[in-house]
Protein chains: 2
Amino acid sequence: MYAVIIAGGSGTRFWPASREHLPKQFLKITSDRTMIEETLDRVRTFTSADKVLAVVGKIHEEVTKKLIGSSVGAILAEPFGRNTAACIGLAALKIKQAAIDDPIVILPADHYISDLEQFRETILTAAEIARTGAIVTLGITPSRPETGYGYIQTSAPAGEMLGRRYLDVERFVEKPDYRTAVNYLNQGGYYWNSGIFIFTARAILEEFERCLPDLSSGLHEIEAAFDSQDYEKVLESVYQRIPSISIDYGVMEKTTRSIFVIPADFAWSDVGSWQALYELRSPDYDENDNLLLGEAMISESRGNLVYSASGRKVALLGVEGLFVVDTPDALLVADLDHSQDVKRFPEILKGIAQTPK
Amino acid sequence: MYAVIIAGGSGTRFWPASREHLPKQFLKITSDRTMIEETLDRVRTFTSADKVLAVVGKIHEEVTKKLIGSSVGAILAEPFGRNTAACIGLAALKIKQAAIDDPIVILPADHYISDLEQFRETILTAAEIARTGAIVTLGITPSRPETGYGYIQTSAPAGEMLGRRYLDVERFVEKPDYRTAVNYLNQGGYYWNSGIFIFTARAILEEFERCLPDLSSGLHEIEAAFDSQDYEKVLESVYQRIPSISIDYGVMEKTTRSIFVIPADFAWSDVGSWQALYELRSPDYDENDNLLLGEAMISESRGNLVYSASGRKVALLGVEGLFVVDTPDALLVADLDHSQDVKRFPEILKGIAQTPK
């Protein structure tokens, strides 16, 4: 069984802790380890280090090597981001050489999952189903009408595997508006799209050929250059012209192959904002519901998140519902309810956003 | 005519911008110049540089020299703070040698006054009255039931000088509670004690002899050592034993000499907190009532004060009524309504409070 950790991200939502050169998978925010290390820990519950690949952007290759280089089989660097389809295709090509019919688990590097044992069991079930040639995805039971996630509509149960039921996918739907999300919840049978997929190299490469022929021919070109001196050059030239498209939109919404959803029974989050981070870490609050990532002195303050990475003393007095992100060259003080708007600052601050920490 | 700028302060209320080594008179908060420089500018409207003395603590001697050393007649350093009576006594001794019957204007270095011309005229009137041997003080017409200031109760008008009326002092009263302050305002005839006094050296030294004989004899000892090699040693030994007492409590509340109040017609503040500073600088707000001392990027935020002295980028998003004080080694994020409580932090942070910037 193989695992592919995919790590993209523009480093905007967690600015100024995250930067273009240091998106959130490289931050210690969900625990005292980086998110990509935590993802690797999860992966290691179901497979061995040599069967793990990480696909990252060229600008993140060094930091990835430093963090997990000695604990994975390979790190594949993309010259630049071309969305998830290209990145998964590249990994599938690589794995195909060794094991075309083994299940591959695709996992984003920057997600939060609480229950390792539940996760492991769900993945093992998914892998068994994927061995039949199907595409499997993990669906998260929605706890609120979230508009920041894609949804998967399911129909009647398709079967049971290792004591766990799985469902037929009716369709993948993009991020809904609030009203639609409420309808999904009331209607039932909808799951959040976790971005975790399980399939064999054979299955996904066939689907690329069918659904994304341009991408597929590009991948064949890259494959022919594997282990040659021209590899980097070919990779870059192919990446210049292949479409930038997500696996969801490019394959999942189009394929006629069997796709199944396994409802996941663990807490999951894509940690899409400082507020999302604050909410999922409630077990780590102090007695006044403050979440302190780094040292801070807190007085008469409640429900705040402090991320302190500058080595300076940070003090809060009489404030509520804020997040304070203190880094060596930039400081953000904001309302947690506004955490979706953080991305506007890196745009203003192009210069700063590109400064590696 | 002489002027004595007195500069004490523990550097706690404006922490972390202010420190023990750098109390607020040395900060650029009321304008783009330090408060002590602004005080000197005010003084220069009524007298010449050589007739200006500054009395400062030893630990502030260097910074004072750097800021105003070339624009004053002398800087007297106290080995440590012994409150205003000792500090005024020391200056009066020095001035007595040259001009025992000239008016001396005592001004704290860390007050805010808006109208230089009104200020000058008020001081000139006070000086004329002081020449008669009386003690004169400027009283500020209270605009609210402030509990952070001392009050002066006045009785019927005592007379008029240079077209300006002055009043007999009935009594000096310490900072009242809120209910009492409201009564003062309703009753009328009460003024805020500005801490600005005008008297001759002869008058005040006589009062020291009468009201504070211990302090007075200490001052005589210091006087005898002026210009001798032992001066520093004598000064320190006297300061070790003289009482630490304010001029208000030690002299003003006890003397039987004539004390007059001139009601001042200019805006005045002792700038006792970040909130007080925010309020008095309303002309400098941006279009959303934010006061930016240093650079900051502001989005969807209203009514905040940002003091940025670290050279880092500071960004505010979706916040209201905060003050953010960003210095190279410490950061404070607080609610403006809590600005009176800032002083609790330097106590916790003894180490940091003592770090010179």
# chains A, B, ... in the order shown; residues from 1 in each chain; ligands from 1
>>> residues_around(residues="stretch 162-168 of chain A", least_positions_apart="4", cutoff="10 Å", atoms="only C-alpha atoms", output="PyMOL selection string")
chain A and resi 121-122+124-126+128-129+136-139+152-158+189+258-264
>>> interface_residues(of="chain B", to="chain A", cutoff="12 Å", atoms="only C-alpha atoms", output="MDAnalysis selection string")
chainID B and resid 15:16 295:302 304 306 308 310:346 348:349 351:353
>>> residues_around(residues="B:Ser143", least_positions_apart="3", cutoff="12 Å", atoms="only C-alpha atoms", output="list in words")
Ile140, Glu146, Thr147, Tyr149, Ala181, Val182, Tyr184, Leu185, Asn186, Gly188, Tyr190, Tyr191, Trp192, Asp265, Phe266, Ala267, Trp268 and Ser269 of chain B
>>> residues_around(residues="A:Pro213", least_positions_apart="5", cutoff="12 Å", atoms="only C-alpha atoms", output="PyMOL selection string")
chain A and resi 85-86+89+205-208+218-220+242-243+250-251
>>> write_last_selection(atoms="N, CA and C atoms", output="compact mmCIF listing (two decimals), in the first residue's frame")
# COMPACT_ATOMS: atom_id res chain seq x y z
N ALA A 85 -4.74 17.41 -9.94
CA ALA A 85 -4.73 16.35 -10.95
C ALA A 85 -3.30 16.05 -11.40
N ALA A 86 -2.54 17.08 -11.77
CA ALA A 86 -1.17 16.90 -12.24
C ALA A 86 -0.30 16.26 -11.16
N GLY A 89 -1.18 12.69 -10.70
CA GLY A 89 -0.72 11.96 -11.89
C GLY A 89 0.76 11.64 -11.81
N LEU A 205 -4.80 6.33 -13.68
CA LEU A 205 -4.16 6.69 -14.95
C LEU A 205 -5.10 6.42 -16.13
N GLU A 206 -5.91 5.38 -16.00
CA GLU A 206 -6.95 5.14 -17.01
C GLU A 206 -7.95 6.30 -17.05
N GLU A 207 -8.30 6.76 -15.88
CA GLU A 207 -9.26 7.88 -15.82
C GLU A 207 -8.67 9.16 -16.40
N PHE A 208 -7.39 9.39 -16.15
CA PHE A 208 -6.74 10.56 -16.76
C PHE A 208 -6.83 10.46 -18.28
N GLY A 218 0.75 14.45 -21.49
CA GLY A 218 1.86 15.13 -20.82
C GLY A 218 2.54 14.20 -19.83
N LEU A 219 1.74 13.46 -19.10
CA LEU A 219 2.29 12.54 -18.10
C LEU A 219 3.12 11.45 -18.78
N HIS A 220 2.64 10.96 -19.92
CA HIS A 220 3.42 9.94 -20.65
C HIS A 220 4.79 10.48 -21.05
N ILE A 242 0.34 21.80 -19.52
CA ILE A 242 -0.80 20.97 -19.06
C ILE A 242 -1.80 21.83 -18.30
N PRO A 243 -3.07 21.38 -18.32
CA PRO A 243 -4.11 22.18 -17.65
C PRO A 243 -3.94 22.15 -16.13
N GLY A 250 -11.67 17.53 -12.53
CA GLY A 250 -11.17 16.92 -13.76
C GLY A 250 -11.54 15.46 -13.90
N VAL A 251 -11.63 14.75 -12.77
CA VAL A 251 -11.90 13.31 -12.85
C VAL A 251 -13.20 12.93 -12.11
>>> atom_distance(atom1="atom CA of A:Leu280", atom2="atom CA of A:Ser31")
11.1 Å
>>> residues_around(residues="stretch 222-237 of chain A", least_positions_apart="3", cutoff="9 Å", atoms="only C-alpha atoms", output="count of residues only")
11
>>> select_by_dssp(residues="stretch 81-251 of chain B", states="strand (DSSP E or B)", output="PDB file with C-alpha atoms, in the first residue's frame")
ATOM      1  CA  PRO B 103       9.454  83.958  39.226  1.00  0.00           C
ATOM      2  CA  ILE B 104      10.137  80.275  38.637  1.00  0.00           C
ATOM      3  CA  VAL B 105       7.686  78.228  36.583  1.00  0.00           C
ATOM      4  CA  ILE B 106       7.581  74.551  37.531  1.00  0.00           C
ATOM      5  CA  LEU B 107       6.350  72.274  34.727  1.00  0.00           C
ATOM      6  CA  PRO B 108       6.127  68.500  34.510  1.00  0.00           C
ATOM      7  CA  TYR B 112       0.058  67.862  26.963  1.00  0.00           C
ATOM      8  CA  ILE B 113      -1.020  71.457  26.313  1.00  0.00           C
ATOM      9  CA  ILE B 135       2.356  80.979  45.180  1.00  0.00           C
ATOM     10  CA  VAL B 136       0.427  80.633  41.927  1.00  0.00           C
ATOM     11  CA  THR B 137      -0.875  77.518  40.302  1.00  0.00           C
ATOM     12  CA  LEU B 138      -2.728  76.903  37.053  1.00  0.00           C
ATOM     13  CA  GLY B 139      -6.142  75.318  37.462  1.00  0.00           C
ATOM     14  CA  ILE B 140      -7.799  73.425  34.649  1.00  0.00           C
ATOM     15  CA  TYR B 151      -8.612  69.132  42.582  1.00  0.00           C
ATOM     16  CA  ILE B 152      -8.249  72.685  43.893  1.00  0.00           C
ATOM     17  CA  GLN B 153     -11.246  74.259  45.559  1.00  0.00           C
ATOM     18  CA  THR B 154     -11.384  78.019  45.070  1.00  0.00           C
ATOM     19  CA  SER B 155     -13.386  80.774  46.721  1.00  0.00           C
ATOM     20  CA  ALA B 156     -14.315  84.248  45.478  1.00  0.00           C
ATOM     21  CA  PRO B 157     -12.108  85.911  42.845  1.00  0.00           C
ATOM     22  CA  ALA B 158      -9.052  87.429  44.467  1.00  0.00           C
ATOM     23  CA  GLY B 159      -8.236  89.917  41.755  1.00  0.00           C
ATOM     24  CA  GLU B 160      -7.271  90.538  38.168  1.00  0.00           C
ATOM     25  CA  MET B 161      -3.817  90.756  36.586  1.00  0.00           C
ATOM     26  CA  ARG B 164      -6.995  87.789  33.662  1.00  0.00           C
ATOM     27  CA  ARG B 165      -8.812  86.939  36.886  1.00  0.00           C
ATOM     28  CA  TYR B 166      -7.272  84.805  39.576  1.00  0.00           C
ATOM     29  CA  LEU B 167      -8.867  83.053  42.524  1.00  0.00           C
ATOM     30  CA  ASP B 168      -8.113  82.385  46.166  1.00  0.00           C
ATOM     31  CA  VAL B 169      -7.337  78.756  46.964  1.00  0.00           C
ATOM     32  CA  GLU B 170      -9.674  77.323  49.569  1.00  0.00           C
ATOM     33  CA  ARG B 171      -7.933  73.942  49.684  1.00  0.00           C
ATOM     34  CA  PHE B 172      -6.090  71.319  47.695  1.00  0.00           C
ATOM     35  CA  VAL B 173      -7.843  67.954  47.594  1.00  0.00           C
ATOM     36  CA  TYR B 190     -13.233  73.302  41.577  1.00  0.00           C
ATOM     37  CA  TYR B 191     -10.299  73.035  39.205  1.00  0.00           C
ATOM     38  CA  TRP B 192      -7.966  70.224  38.244  1.00  0.00           C
ATOM     39  CA  ASN B 193      -4.533  70.582  39.786  1.00  0.00           C
ATOM     40  CA  SER B 194      -2.251  70.915  36.750  1.00  0.00           C
ATOM     41  CA  GLY B 195       0.979  70.491  38.701  1.00  0.00           C
ATOM     42  CA  ILE B 196       2.214  73.745  37.158  1.00  0.00           C
ATOM     43  CA  PHE B 197       3.324  76.151  39.897  1.00  0.00           C
ATOM     44  CA  ILE B 198       4.841  79.608  39.790  1.00  0.00           C
ATOM     45  CA  PHE B 199       6.696  81.190  42.732  1.00  0.00           C
ATOM     46  CA  THR B 200      10.016  82.816  43.599  1.00  0.00           C
TER      47      THR B 200
END
>>> atom_distance(atom1="atom CA of A:Ile204", atom2="atom CA of A:Arg131")
12.1 Å
>>> atom_distance(atom1="atom CA of B:Glu279", atom2="atom CA of B:His60")
27.8 Å
>>> residues_around(residues="A:Gly73", least_positions_apart="4", cutoff="9 Å", atoms="only C-alpha atoms", output="ChimeraX atom specification")
/A:48-54,69
>>> write_last_selection(atoms="N, CA and C atoms", output="CSV table (one decimal), in the first residue's frame")
chain,number,residue,atom,x,y,z
A,48,SER,N,4.6,1.6,5.3
A,48,SER,CA,6.0,1.8,5.7
A,48,SER,C,6.6,3.0,5.0
A,49,ALA,N,7.7,3.5,5.6
A,49,ALA,CA,8.3,4.8,5.1
A,49,ALA,C,8.6,4.8,3.6
A,50,ASP,N,9.1,3.6,3.1
A,50,ASP,CA,9.6,3.6,1.7
A,50,ASP,C,8.4,3.6,0.7
A,51,LYS,N,7.2,3.4,1.2
A,51,LYS,CA,6.1,3.5,0.3
A,51,LYS,C,5.3,4.8,0.4
A,52,VAL,N,6.0,5.8,1.0
A,52,VAL,CA,5.4,7.1,1.1
A,52,VAL,C,6.1,8.1,0.1
A,53,LEU,N,5.3,8.8,-0.7
A,53,LEU,CA,5.8,9.8,-1.5
A,53,LEU,C,5.2,11.2,-1.1
A,54,ALA,N,6.0,12.2,-1.2
A,54,ALA,CA,5.5,13.6,-1.0
A,54,ALA,C,5.7,14.3,-2.3
A,69,GLY,N,12.3,14.3,5.0
A,69,GLY,CA,13.1,13.7,4.0
A,69,GLY,C,13.6,12.3,4.3
